[in-house]
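Step one of this worksheet: look at the structure below.
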There are 2 protein chains.
Amino acid sequence: MDSTTSQNNIFPKGQLGSVDYFTGTVWVTPLLADDGVNHFSIGNVVFEAGARANWHTHPRGQVLIVTDGQGFYQEKGKPAQPIKKGDVINIPPHVEHWHGASANSAMTHIAITNFEKEEFVTWLTPVTDAEYKEVNLTK
Amino acid sequence: MDSTTSQNNIFPKGQLGSVDYFTGTVWVTPLLADDGVNHFSIGNVVFEAGARANWHTHPRGQVLIVTDGQGFYQEKGKPAQPIKKGDVINIPPHVEHWHGASANSAMTHIAITNFEKEEFVTWLTPVTDAEYKEVNLTK
């Protein structure tokens, strides 16, 4: 089953997200680069069911606009928040977190990532299968 | 005919855009305010067929992400550009322009508007019926 076929395909599917930063199948489409006028980049990210980003931080924060499906946003040490189509998530600077699809649904979001000079993300460890399973059981 | 029913309804429809700034039926949904971390606001705008913004400028520019339908983006003194679902428009600071639906299709976009202190837009004159008709004839 291609779990992305039900997603809201506003943009081309893009490139596969690196296994260094993601677990599962993730498609990333760059939409806008930091250009010195806009101090952020914009990208579209499709997470197939079960897929998620590693834990990570942003030096100046990030805004997610969920355009389809269902998933999770979790800050370290806090319960995961279910997120769905139409939700906007305002991620503070320096807060360790992850986001991704739920186990049974794909999730697509636009990400607006603020830049601090050339820096915009620090990647950390994967969300383990045990961590991810617990989030999906307790939603 | 409700020309918005075919649009990609990711967000609630929002409030009617002011007749002071728009011609025709436009729905505006605020998604994120400038909060001192993100130096921009985000909103969703649905233009029904025939609807358009007045001519205007932004002191720090604006990015549009077209999520459904078809319309136009025009900078003063240049030909109008047809825009459609999936397009990203990077509007420079201080450039007089307008955007809106085409005569026969609604158009929906997310707008990311950079702030200069409290300022983000200067509204100018309406796009006249004659200006709008010419754009739709020559697309």
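Following the order of the structure tokens, chains are lettered A, B, ..., residues in each are numbered from 1, and ligands are numbered from 1.
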
With chain B as the partner and 12 Å as the cut-off, tabulate the residues of chain A that qualify, each row holding the nearest pair of atoms and their distance in Å to one decimal, using only C-alpha atoms, sorted by chain and rising number, as a Markdown table.
| residue | atom | partner | partner_atom | distance |
| --- | --- | --- | --- | --- |
| A:Gln7 | CA | B:Ile10 | CA | 11.7 |
| A:Asn8 | CA | B:Asn8 | CA | 8.5 |
| A:Asn9 | CA | B:Gly86 | CA | 8.7 |
| A:Ile10 | CA | B:Gly86 | CA | 5.2 |
| A:Phe11 | CA | B:Gly86 | CA | 5.1 |
| A:Pro12 | CA | B:Gly86 | CA | 8.1 |
| A:Lys13 | CA | B:Gly86 | CA | 11.3 |
| A:Thr29 | CA | B:Gly86 | CA | 11.1 |
| A:Pro30 | CA | B:Val88 | CA | 10.6 |
| A:Leu31 | CA | B:Val88 | CA | 6.9 |
| A:Leu32 | CA | B:Val88 | CA | 7.7 |
| A:Ala33 | CA | B:Asn90 | CA | 10.3 |
| A:Asp34 | CA | B:Asn90 | CA | 11.1 |
| A:Asp35 | CA | B:Asn90 | CA | 10.0 |
| A:Gly36 | CA | B:Arg60 | CA | 10.7 |
| A:Val37 | CA | B:Arg60 | CA | 7.0 |
| A:Asn38 | CA | B:Asn114 | CA | 7.4 |
| A:His39 | CA | B:His39 | CA | 8.7 |
| A:Phe40 | CA | B:Asn38 | CA | 9.3 |
| A:Ser41 | CA | B:Val63 | CA | 10.8 |
| A:Ile42 | CA | B:Val63 | CA | 9.7 |
| A:Gly43 | CA | B:Val88 | CA | 10.7 |
| A:Asn44 | CA | B:Gly86 | CA | 10.5 |
| A:His58 | CA | B:Val37 | CA | 11.8 |
| A:Pro59 | CA | B:Val37 | CA | 10.6 |
| A:Arg60 | CA | B:Val37 | CA | 7.0 |
| A:Gly61 | CA | B:Val37 | CA | 7.4 |
| A:Gln62 | CA | B:Asn38 | CA | 8.2 |
| A:Val63 | CA | B:Asn38 | CA | 8.4 |
| A:Leu64 | CA | B:Leu32 | CA | 10.5 |
| A:Ile65 | CA | B:Leu31 | CA | 8.8 |
| A:Val66 | CA | B:Ile10 | CA | 8.4 |
| A:Thr67 | CA | B:Ile10 | CA | 6.0 |
| A:Asp68 | CA | B:Ile10 | CA | 7.5 |
| A:Gly69 | CA | B:Ile10 | CA | 10.5 |
| A:Lys84 | CA | B:Ile10 | CA | 10.0 |
| A:Lys85 | CA | B:Ile10 | CA | 6.3 |
| A:Gly86 | CA | B:Phe11 | CA | 5.1 |
| A:Asp87 | CA | B:Phe11 | CA | 8.3 |
| A:Val88 | CA | B:Leu31 | CA | 6.9 |
| A:Ile89 | CA | B:Leu32 | CA | 9.2 |
| A:Asn90 | CA | B:Leu32 | CA | 8.3 |
| A:Ile91 | CA | B:Val37 | CA | 9.9 |
| A:Pro92 | CA | B:Val37 | CA | 7.9 |
| A:Pro93 | CA | B:Val37 | CA | 8.2 |
| A:His94 | CA | B:Val37 | CA | 11.9 |
| A:Thr108 | CA | B:Ile10 | CA | 11.5 |
| A:His109 | CA | B:Ile10 | CA | 11.2 |
| A:Ile110 | CA | B:Ile65 | CA | 9.8 |
| A:Ala111 | CA | B:Ile112 | CA | 11.9 |
| A:Ile112 | CA | B:Ile112 | CA | 9.4 |
| A:Thr113 | CA | B:Asn38 | CA | 9.4 |
| A:Asn114 | CA | B:Asn38 | CA | 7.4 |
| A:Phe115 | CA | B:Asn38 | CA | 10.4 |
| A:Glu116 | CA | B:Val37 | CA | 11.5 |

Can I get the selected residues back with C-alpha atoms, as a PDB file, in the first residue's frame?
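Final file, part_30.pdb:
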ATOM      1  CA  GLN A   7      -2.154  12.803   0.867  1.00  0.00           C
ATOM      2  CA  ASN A   8      -2.878  16.254  -0.424  1.00  0.00           C
ATOM      3  CA  ASN A   9      -0.406  16.461  -3.298  1.00  0.00           C
ATOM      4  CA  ILE A  10       0.025  20.206  -3.687  1.00  0.00           C
ATOM      5  CA  PHE A  11       3.718  19.831  -4.560  1.00  0.00           C
ATOM      6  CA  PRO A  12       5.853  17.280  -6.424  1.00  0.00           C
ATOM      7  CA  LYS A  13       6.963  14.464  -4.136  1.00  0.00           C
ATOM      8  CA  THR A  29      10.549  19.126  -1.522  1.00  0.00           C
ATOM      9  CA  PRO A  30      12.447  22.431  -1.136  1.00  0.00           C
ATOM     10  CA  LEU A  31      10.153  25.390  -1.881  1.00  0.00           C
ATOM     11  CA  LEU A  32      12.198  28.480  -0.953  1.00  0.00           C
ATOM     12  CA  ALA A  33      15.782  29.108   0.206  1.00  0.00           C
ATOM     13  CA  ASP A  34      16.913  31.638   2.810  1.00  0.00           C
ATOM     14  CA  ASP A  35      17.716  34.524   0.464  1.00  0.00           C
ATOM     15  CA  GLY A  36      18.769  37.349   2.773  1.00  0.00           C
ATOM     16  CA  VAL A  37      15.321  38.976   2.533  1.00  0.00           C
ATOM     17  CA  ASN A  38      13.399  36.020   3.936  1.00  0.00           C
ATOM     18  CA  HIS A  39      15.428  34.755   6.904  1.00  0.00           C
ATOM     19  CA  PHE A  40      13.934  31.283   6.602  1.00  0.00           C
ATOM     20  CA  SER A  41      13.670  28.369   4.225  1.00  0.00           C
ATOM     21  CA  ILE A  42      10.427  26.655   3.252  1.00  0.00           C
ATOM     22  CA  GLY A  43       9.997  22.992   2.388  1.00  0.00           C
ATOM     23  CA  ASN A  44       7.253  20.420   2.022  1.00  0.00           C
ATOM     24  CA  HIS A  58      16.393  24.680  15.625  1.00  0.00           C
ATOM     25  CA  PRO A  59      18.471  27.708  16.699  1.00  0.00           C
ATOM     26  CA  ARG A  60      15.681  30.157  15.742  1.00  0.00           C
ATOM     27  CA  GLY A  61      12.647  27.874  15.783  1.00  0.00           C
ATOM     28  CA  GLN A  62      10.399  26.492  13.066  1.00  0.00           C
ATOM     29  CA  VAL A  63       6.722  26.664  12.079  1.00  0.00           C
ATOM     30  CA  LEU A  64       4.903  23.591  10.750  1.00  0.00           C
ATOM     31  CA  ILE A  65       1.669  23.840   8.723  1.00  0.00           C
ATOM     32  CA  VAL A  66       0.024  20.418   8.501  1.00  0.00           C
ATOM     33  CA  THR A  67      -1.678  20.109   5.108  1.00  0.00           C
ATOM     34  CA  ASP A  68      -2.846  16.501   5.309  1.00  0.00           C
ATOM     35  CA  GLY A  69      -2.998  13.376   7.419  1.00  0.00           C
ATOM     36  CA  LYS A  84      -3.587  16.767  11.955  1.00  0.00           C
ATOM     37  CA  LYS A  85      -4.483  18.597   8.733  1.00  0.00           C
ATOM     38  CA  GLY A  86      -4.992  22.322   9.387  1.00  0.00           C
ATOM     39  CA  ASP A  87      -2.837  22.477  12.541  1.00  0.00           C
ATOM     40  CA  VAL A  88      -0.031  25.034  12.888  1.00  0.00           C
ATOM     41  CA  ILE A  89       2.835  24.180  15.268  1.00  0.00           C
ATOM     42  CA  ASN A  90       5.137  26.958  16.493  1.00  0.00           C
ATOM     43  CA  ILE A  91       8.372  25.274  17.612  1.00  0.00           C
ATOM     44  CA  PRO A  92      10.531  27.409  19.936  1.00  0.00           C
ATOM     45  CA  PRO A  93      14.286  27.843  19.481  1.00  0.00           C
ATOM     46  CA  HIS A  94      16.591  25.270  21.113  1.00  0.00           C
ATOM     47  CA  THR A 108       2.276  16.092   5.226  1.00  0.00           C
ATOM     48  CA  HIS A 109       3.485  19.452   6.463  1.00  0.00           C
ATOM     49  CA  ILE A 110       5.019  22.627   5.126  1.00  0.00           C
ATOM     50  CA  ALA A 111       8.014  23.632   7.302  1.00  0.00           C
ATOM     51  CA  ILE A 112       9.163  27.248   7.651  1.00  0.00           C
ATOM     52  CA  THR A 113      12.600  27.139   9.259  1.00  0.00           C
ATOM     53  CA  ASN A 114      14.227  30.290  10.637  1.00  0.00           C
ATOM     54  CA  PHE A 115      17.950  30.751  10.063  1.00  0.00           C
ATOM     55  CA  GLU A 116      20.666  31.988  12.429  1.00  0.00           C
TER      56      GLU A 116
END

Do a neighbour search on A:Gly24 at 7 Å with only C-alpha atoms, toss out local chain neighbours closer than 6 positions, and write the hits as a VMD selection string. chain A and resid 50 to 52

Output file for the residues above (N, CA and C atoms, as a short mmCIF file (atom, residue, chain, number, x, y, z; two decimals), in the first residue's frame):
data_model
loop_
_atom_site.label_atom_id
_atom_site.label_comp_id
_atom_site.auth_asym_id
_atom_site.auth_seq_id
_atom_site.Cartn_x
_atom_site.Cartn_y
_atom_site.Cartn_z
N GLY A 50 4.22 5.67 9.86
CA GLY A 50 5.33 5.09 10.61
C GLY A 50 6.62 5.89 10.52
N ALA A 51 6.69 6.86 9.61
CA ALA A 51 7.94 7.61 9.40
C ALA A 51 8.01 8.82 10.33
N ARG A 52 9.21 9.16 10.75
CA ARG A 52 9.40 10.34 11.63
C ARG A 52 10.81 10.87 11.50
#

Closest of B:Gln15, B:Ser105, B:Thr25, B:Gln74 to B:Tyr132 - atom-to-atom distances counting only C-alpha atoms: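 Once distances to B:Tyr132 are computed over only C-alpha atoms, the minimum belongs to B:Gln74.
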
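With only C-alpha atoms as the atoms that count, the residue of B:Asp129, B:Asp20, B:Glu96, B:Glu48 with the shortest distance to B:Lys78 is B:Glu96.
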
Among chain A, which residues does DSSP mark as alpha helix (DSSP H) when it is run on the backbone? Keep the chain and numbering as in the structure and answer as a PyMOL selection string. chain A and resi 129-138

Between atom CA of A:Ser102 and atom CA of A:Tyr73, what distance in Å does the model show, to one decimal?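 Computing the Euclidean distance for atom CA of A:Ser102 and atom CA of A:Tyr73 yields 10.0 Å.
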
DSSP strand (DSSP E) residues within chain A, listed as a PyMOL selection string: chain A and resi 15-16+22-23+26-32+40-47+52-53+56-57+62-75+81-84+88-91+97-101+107-114+122-123

Please measure the separation of atom CA of A:Ala53 and atom CA of A:Glu118, giving the value in Å to one decimal. 20.8 Å

Mind checking which residues fall within 12 Å of B:Glu134, counting only C-alpha atoms, ignoring those fewer than 5 positions away in the same chain, and posting them as a PyMOL selection string? chain B and resi 72+79-80+102-103+127-129+139

Write a file of the just-selected residues containing N, CA and C atoms, as a PDB file, in the first residue's frame.
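File out.pdb, as written:
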ATOM      1  N   PHE B  72      -3.599  35.117 -10.577  1.00  0.00           N
ATOM      2  CA  PHE B  72      -2.560  35.974 -11.153  1.00  0.00           C
ATOM      3  C   PHE B  72      -1.768  36.661 -10.051  1.00  0.00           C
ATOM      4  N   PRO B  79       3.851  42.456 -17.188  1.00  0.00           N
ATOM      5  CA  PRO B  79       2.710  41.580 -17.485  1.00  0.00           C
ATOM      6  C   PRO B  79       2.334  40.740 -16.250  1.00  0.00           C
ATOM      7  N   ALA B  80       1.060  40.420 -16.115  1.00  0.00           N
ATOM      8  CA  ALA B  80       0.618  39.539 -15.027  1.00  0.00           C
ATOM      9  C   ALA B  80       1.155  38.135 -15.255  1.00  0.00           C
ATOM     10  N   SER B 102      -8.333  34.050 -10.853  1.00  0.00           N
ATOM     11  CA  SER B 102      -8.673  34.387 -12.233  1.00  0.00           C
ATOM     12  C   SER B 102     -10.188  34.568 -12.327  1.00  0.00           C
ATOM     13  N   ALA B 103     -10.638  35.050 -13.475  1.00  0.00           N
ATOM     14  CA  ALA B 103     -12.072  35.332 -13.643  1.00  0.00           C
ATOM     15  C   ALA B 103     -12.921  34.067 -13.533  1.00  0.00           C
ATOM     16  N   VAL B 127      -7.524  47.153  -8.015  1.00  0.00           N
ATOM     17  CA  VAL B 127      -7.324  46.720  -9.403  1.00  0.00           C
ATOM     18  C   VAL B 127      -8.664  46.925 -10.099  1.00  0.00           C
ATOM     19  N   THR B 128      -8.679  47.812 -11.064  1.00  0.00           N
ATOM     20  CA  THR B 128      -9.956  48.167 -11.696  1.00  0.00           C
ATOM     21  C   THR B 128     -10.495  47.010 -12.537  1.00  0.00           C
ATOM     22  N   ASP B 129     -11.770  47.069 -12.842  1.00  0.00           N
ATOM     23  CA  ASP B 129     -12.354  46.044 -13.709  1.00  0.00           C
ATOM     24  C   ASP B 129     -11.653  46.021 -15.067  1.00  0.00           C
ATOM     25  N   LYS B 139      -4.076  36.087 -20.770  1.00  0.00           N
ATOM     26  CA  LYS B 139      -3.317  35.033 -20.090  1.00  0.00           C
ATOM     27  C   LYS B 139      -2.968  33.888 -21.024  1.00  0.00           C
TER      28      LYS B 139
END

Mind pulling up the distance from atom CA of A:Gly71 to atom CA of A:Phe22?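 We find that atom CA of A:Phe22 and atom CA of A:Gly71 lie 14.5 Å from each other.
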